[in-house]
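Asks: The file below is structure04.txt, compact mmCIF, C-alpha atoms:
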# COMPACT_ATOMS: atom_id res chain seq x y z
CA MET E 204 10.55 56.61 27.25
CA ASN E 205 11.23 55.19 30.72
CA THR E 206 7.63 55.78 31.76
CA ARG E 207 6.32 53.87 28.74
CA PHE E 208 8.80 51.09 29.44
CA SER E 209 7.71 50.86 33.07
CA ILE E 210 4.00 50.78 32.17
CA ARG E 211 4.61 47.94 29.73
CA HIS E 212 6.53 45.94 32.32
CA ALA E 213 3.84 46.59 34.93
CA ALA E 214 1.14 45.37 32.52
CA VAL E 215 3.09 42.21 31.72
CA LEU E 216 3.73 41.50 35.40
CA GLY E 217 0.06 42.09 36.20
CA LEU E 218 -1.02 39.67 33.46
CA LEU E 219 1.43 37.03 34.67
CA ALA E 220 0.15 37.48 38.22
CA LEU E 221 -3.46 36.97 37.08
CA LEU E 222 -2.52 33.85 35.11
CA GLY E 223 -0.57 32.51 38.07
CA LEU E 224 -3.54 33.12 40.37
CA ALA E 225 -5.90 31.39 37.95
CA PHE E 226 -3.68 28.32 37.65
CA TRP E 227 -3.08 28.22 41.38
CA THR E 228 -6.83 28.29 42.02
CA LEU E 229 -7.34 25.41 39.62
CA LEU E 230 -4.48 23.43 41.14
CA ALA E 231 -5.53 24.03 44.74
CA GLY E 232 -9.09 22.94 44.06
CA TYR E 233 -8.20 19.92 41.92
CA THR E 234 -9.25 16.51 43.17
CA PRO E 235 -8.67 13.52 40.86
CA ASP E 236 -11.67 11.39 40.04
CA ALA E 237 -11.79 8.11 41.89
CA GLU E 238 -13.45 6.41 38.90
CA LEU E 239 -14.32 7.08 35.27
CA ASN E 240 -17.46 9.03 34.50
CA ARG E 241 -20.33 7.28 32.74
CA THR E 242 -19.27 8.21 29.19
CA ALA E 243 -15.60 7.38 29.69
CA ALA E 244 -16.49 4.08 31.33
CA TYR E 245 -18.65 3.11 28.35
CA TYR E 246 -15.82 3.83 25.89
CA ALA E 247 -13.25 1.99 28.01
CA GLU E 248 -15.43 -1.09 28.33
CA ASN E 249 -17.00 -1.32 24.87
CA THR E 250 -14.75 0.39 22.28
CA ALA E 251 -12.51 -2.60 21.60
CA ARG E 252 -15.47 -4.96 21.28
CA GLU E 253 -17.56 -2.65 19.07
CA THR E 254 -14.80 -1.42 16.75
CA GLY E 255 -12.22 -4.19 16.87
CA ALA E 256 -9.45 -1.59 17.33
CA GLN E 257 -6.63 -2.23 19.77
CA ASN E 258 -5.94 1.52 20.16
CA ILE E 259 -9.05 2.87 21.89
CA VAL E 260 -8.06 6.53 21.36
CA THR E 261 -7.90 6.04 17.60
CA ALA E 262 -11.23 4.23 17.53
CA ILE E 263 -12.93 7.07 19.39
CA ILE E 264 -11.43 9.73 17.11
CA VAL E 265 -12.27 7.93 13.87
CA THR E 266 -15.67 6.42 14.69
CA TYR E 267 -17.51 7.85 17.69
CA ARG E 268 -16.42 11.41 16.95
CA GLY E 269 -15.90 11.04 13.22
CA LEU E 270 -17.74 14.29 12.45
CA ASP E 271 -15.28 16.17 14.68
CA THR E 272 -12.39 14.60 12.78
CA LEU E 273 -13.98 15.68 9.50
CA GLY E 274 -14.17 19.22 10.90
CA GLU E 275 -10.49 19.15 11.87
CA VAL E 276 -9.47 18.00 8.39
CA THR E 277 -11.66 20.72 6.87
CA VAL E 278 -10.02 23.39 9.04
CA LEU E 279 -6.60 22.20 7.92
CA PHE E 280 -7.72 22.31 4.28
CA LEU E 281 -9.00 25.87 4.68
CA THR E 282 -5.73 26.87 6.35
CA ALA E 283 -3.70 25.47 3.44
CA ALA E 284 -5.97 27.20 0.92
CA ILE E 285 -5.74 30.55 2.73
CA VAL E 286 -1.94 30.31 3.01
CA ALA E 287 -1.67 29.59 -0.72
CA LEU E 288 -4.07 32.43 -1.57
CA VAL E 289 -2.36 35.03 0.62
CA LEU E 290 1.16 34.08 -0.42
CA GLY E 291 0.13 33.88 -4.06
CA GLN E 292 -1.18 37.45 -3.91
CA SER E 293 1.94 38.71 -2.15
CA LYS E 294 4.54 37.28 -4.54
CA ALA E 295 6.85 39.88 -5.97
CA PRO E 296 7.95 39.78 -9.63
CA ARG E 297 11.06 37.73 -10.14
CA GLY E 298 14.15 39.64 -11.08
CA GLY E 299 17.11 38.21 -12.94
CA THR E 300 17.82 34.53 -13.41
CA GLY E 301 18.52 31.77 -10.98
CA SER E 302 16.74 30.66 -7.86
CA GLY E 303 18.46 33.03 -5.45
CA PHE E 304 19.44 30.18 -3.11
CA LEU E 305 22.92 28.95 -2.29
CA PRO E 306 23.55 25.35 -3.38
CA SER E 307 23.04 22.74 -0.70
CA GLY E 308 25.97 20.85 0.75
CA GLU E 309 26.87 17.32 -0.23
CA LEU E 310 26.05 16.05 3.27
CA LEU E 311 22.48 17.35 3.14
CA THR E 312 21.93 16.12 -0.41
CA THR E 313 23.26 12.63 0.31
CA GLY E 314 21.46 12.44 3.63
CA THR E 315 18.19 13.33 1.93
CA ARG E 316 18.58 10.52 -0.59
CA MET E 317 19.20 8.06 2.23
CA LEU E 318 16.58 9.28 4.70
CA LEU E 319 13.68 10.17 2.40
CA PRO E 320 12.56 6.56 1.70
CA ILE E 321 12.77 5.80 5.42
CA ILE E 322 10.71 8.90 6.30
CA LEU E 323 8.02 8.04 3.75
CA LEU E 324 7.91 4.43 4.91
CA PHE E 325 7.68 5.48 8.55
CA GLY E 326 4.89 7.96 7.73
CA ALA E 327 2.90 5.22 6.00
CA TYR E 328 3.54 2.86 8.94
CA VAL E 329 2.30 5.42 11.49
CA ALA E 330 -0.83 6.14 9.45
CA LEU E 331 -1.75 2.53 8.75
CA ASN E 332 -1.03 1.24 12.29
CA GLY E 333 -3.03 3.89 14.12
CA HIS E 334 -5.65 1.32 15.15
CA LEU E 335 -2.97 -0.81 16.82
CA THR E 336 -0.41 1.61 18.25
CA PRO E 337 -0.20 5.35 19.03
CA GLY E 338 -0.28 7.27 15.77
CA GLY E 339 -2.72 7.63 12.93
CA GLY E 340 -3.48 9.69 9.87
CA PHE E 341 -2.68 13.12 11.28
CA GLN E 342 0.71 12.06 12.63
CA GLY E 343 1.52 9.99 9.55
CA GLY E 344 0.57 12.84 7.21
CA ALA E 345 2.81 15.25 9.10
CA ILE E 346 5.71 12.79 8.78
CA LEU E 347 5.09 12.45 5.04
CA ALA E 348 5.13 16.24 4.69
CA SER E 349 8.43 16.38 6.59
CA GLY E 350 9.92 14.32 3.77
CA MET E 351 8.92 17.05 1.34
CA LEU E 352 10.43 19.65 3.64
CA LEU E 353 13.70 17.74 3.62
CA MET E 354 13.68 17.65 -0.19
CA LEU E 355 13.12 21.41 -0.31
CA LEU E 356 16.02 21.97 2.08
CA ALA E 357 18.30 19.78 -0.03
CA ASP E 358 17.21 21.40 -3.30
CA PRO E 359 15.51 24.80 -2.77
CA ALA E 360 15.01 25.22 -6.52
CA ARG E 361 12.92 22.03 -6.72
CA ARG E 362 9.35 22.45 -7.91
CA PHE E 363 6.45 20.14 -7.12
CA GLY E 364 3.28 19.84 -9.13
CA HIS E 365 0.51 21.77 -7.41
CA ARG E 366 -1.99 19.90 -9.57
CA LEU E 367 -0.81 16.51 -8.29
CA ILE E 368 -0.90 17.67 -4.66
CA ALA E 369 -4.38 19.12 -5.17
CA ARG E 370 -5.62 15.90 -6.73
CA VAL E 371 -4.29 13.77 -3.90
CA GLU E 372 -5.91 16.09 -1.36
CA SER E 373 -9.24 16.19 -3.21
CA VAL E 374 -9.51 12.47 -3.93
CA SER E 375 -8.58 11.46 -0.39
CA GLY E 376 -11.03 13.98 1.07
CA LEU E 377 -13.90 12.83 -1.15
CA ALA E 378 -13.14 9.17 -0.39
CA TYR E 379 -13.13 9.98 3.34
CA VAL E 380 -16.59 11.55 3.11
CA ALA E 381 -17.82 8.67 0.92
CA ILE E 382 -16.78 6.12 3.56
CA GLY E 383 -18.56 8.22 6.16
CA VAL E 384 -21.77 8.19 4.13
CA LEU E 385 -21.46 4.44 3.61
CA GLY E 386 -21.31 4.12 7.38
CA VAL E 387 -24.69 5.84 7.60
CA ALA E 388 -26.18 3.65 4.88
CA LEU E 389 -24.67 0.27 5.75
CA ALA E 390 -23.85 0.44 9.47
CA GLY E 391 -24.72 2.50 12.51
CA GLY E 392 -23.67 6.04 11.64
CA PHE E 393 -21.24 8.39 9.93
CA LEU E 394 -17.77 6.79 9.60
CA ASP E 395 -18.98 3.60 11.28
CA ASN E 396 -16.05 1.27 10.64
CA ARG E 397 -18.23 -1.83 10.56
CA ILE E 398 -18.88 -1.43 6.83
CA LEU E 399 -15.91 -3.82 6.56
CA PRO E 400 -15.29 -6.97 8.64
CA LEU E 401 -13.65 -6.28 12.00
CA GLY E 402 -11.14 -9.08 11.45
CA GLU E 403 -8.89 -10.57 14.11
CA PHE E 404 -8.28 -8.29 17.09
CA GLY E 405 -4.72 -6.93 17.07
CA ALA E 406 -3.99 -7.84 13.43
CA ILE E 407 -3.01 -5.24 10.84
CA LEU E 408 -6.16 -6.04 8.82
CA SER E 409 -8.61 -5.49 11.65
CA ALA E 410 -10.90 -2.77 13.05
CA GLY E 411 -13.01 -2.67 9.90
CA ALA E 412 -12.56 0.47 7.83
CA ILE E 413 -10.36 2.32 10.36
CA PRO E 414 -7.03 1.53 8.59
CA LEU E 415 -8.53 2.70 5.28
CA ILE E 416 -9.93 5.85 6.88
CA TYR E 417 -6.61 6.75 8.48
CA ALA E 418 -4.75 6.05 5.23
CA LEU E 419 -6.98 8.62 3.53
CA VAL E 420 -6.52 11.08 6.40
CA GLY E 421 -2.75 10.61 6.16
CA LEU E 422 -2.75 11.35 2.42
CA LYS E 423 -5.00 14.37 2.89
CA VAL E 424 -3.01 15.85 5.77
CA GLY E 425 0.30 15.17 4.02
CA ALA E 426 -0.92 16.84 0.83
CA GLU E 427 -2.22 19.89 2.72
CA PHE E 428 1.00 20.36 4.70
CA SER E 429 3.00 19.85 1.50
CA SER E 430 0.92 22.48 -0.26
CA MET E 431 1.67 24.99 2.51
CA LEU E 432 5.40 24.20 2.42
CA GLU E 433 5.48 24.59 -1.35
CA SER E 434 3.65 27.93 -1.16
CA LEU E 435 6.07 29.20 1.50
CA GLU E 436 9.10 28.06 -0.50
CA GLU E 437 7.89 29.73 -3.69
CA THR E 438 7.23 32.98 -1.85
CA GLU E 439 10.73 32.88 -0.34
CA ASP E 440 12.10 32.41 -3.84
CA SER E 441 10.18 35.38 -5.25
Can you give me the file's structure in the form of structure tokens?

Replies:
Amino acid sequence: MNTRFSIRHAAVLGLLALLGLAFWTLLAGYTPDAELNRTAAYYAENTARETGAQNIVTAIIVTYRGLDTLGEVTVLFLTAAIVALVLGQSKAPRGGTGSGFLPSGELLTTGTRMLLPIILLFGAYVALNGHLTPGGGFQGGAILASGMLLMLLADPARRFGHRLIARVESVSGLAYVAIGVLGVALAGGFLDNRILPLGEFGAILSAGAIPLIYALVGLKVGAEFSSMLESLEETEDS
């Protein structure tokens, strides 16, 4: 028993030593760039002018690398689908009556009623203002899903319509792809935001289709996270 314990500790220490050596090598040989490389310089100098977005990071994610963003949303969708499939297969038959959860306290219930509208409003704000300030559809969708998590904590026996969540996810995803195709047909490429007027720089209705794109991403991400939370809650209740 002691020998096995010692071997395990030695292996862990050896792995930590190798990781430490690797990071030390990277740190010792690191020299910061004196100037931006050619690609980064192009984005820094031209993104605001070409996209009309005040937040350059958002513009790059949504337009220049729109296909990558589509891949990320697809991976999240597949994750939600796999979680629902696995948990659906592993549910045990319900026994007896009742939800099996203790009732929530008055503080949590009242706090949920007060905070939920603020959480949903803040999630929509983060998603729709991604072209102006740090944020966007992924962050906004996660905030929207946290509102659902709070509702489940306040009322564990609550049930949400899987059909409604699935429709929101499907419609937002199809609309996202449709806007991307319109970018190919009407502008310069997939998810080119110039299918709509760029508007006044720094205004909420600016940057072309970016606010619309991120609104759809926020709905899609929020629906997918909500679907996973609902699947986990139902399995816990089984």

Asks: Pull the closest atom pair for each residue of stretch 241-295 of chain E that gets at most 10 Å from stretch 359-377 of chain E, along with the distance in Å to one decimal, counting only C-alpha atoms, ordering rows by chain and then ascending residue number, as JSON lines.

Replies:
{"residue": "E:Leu273", "atom": "CA", "partner": "E:Gly376", "partner_atom": "CA", "distance": 9.1}
{"residue": "E:Val276", "atom": "CA", "partner": "E:Gly376", "partner_atom": "CA", "distance": 8.5}
{"residue": "E:Thr277", "atom": "CA", "partner": "E:Gly376", "partner_atom": "CA", "distance": 8.9}
{"residue": "E:Phe280", "atom": "CA", "partner": "E:Glu372", "partner_atom": "CA", "distance": 8.6}

Asks: With distances taken over all atoms listed in the file, which of E:Gly344, E:Gly392, E:Gly269, E:Gly255 is nearest to E:Phe404?

Replies: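 Residue with the minimum atom-to-atom distance to E:Phe404: E:Gly255.
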
Asks: Taking all atoms listed in the file into account, name the residue in E:Tyr379, E:Ala330, E:Gly339, E:Leu435 that is nearest to E:Gly274.

Replies: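 Among the listed residues, E:Tyr379 lies closest to E:Gly274.
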
Asks: List as number ranges by chain the protein and nucleic acid residues near E:Ser307, meaning an atom at most 8 Å away when all atoms listed in the file are counted, but skip any in the same chain fewer than 4 places from it.

Replies: E: 311-312, 356-358
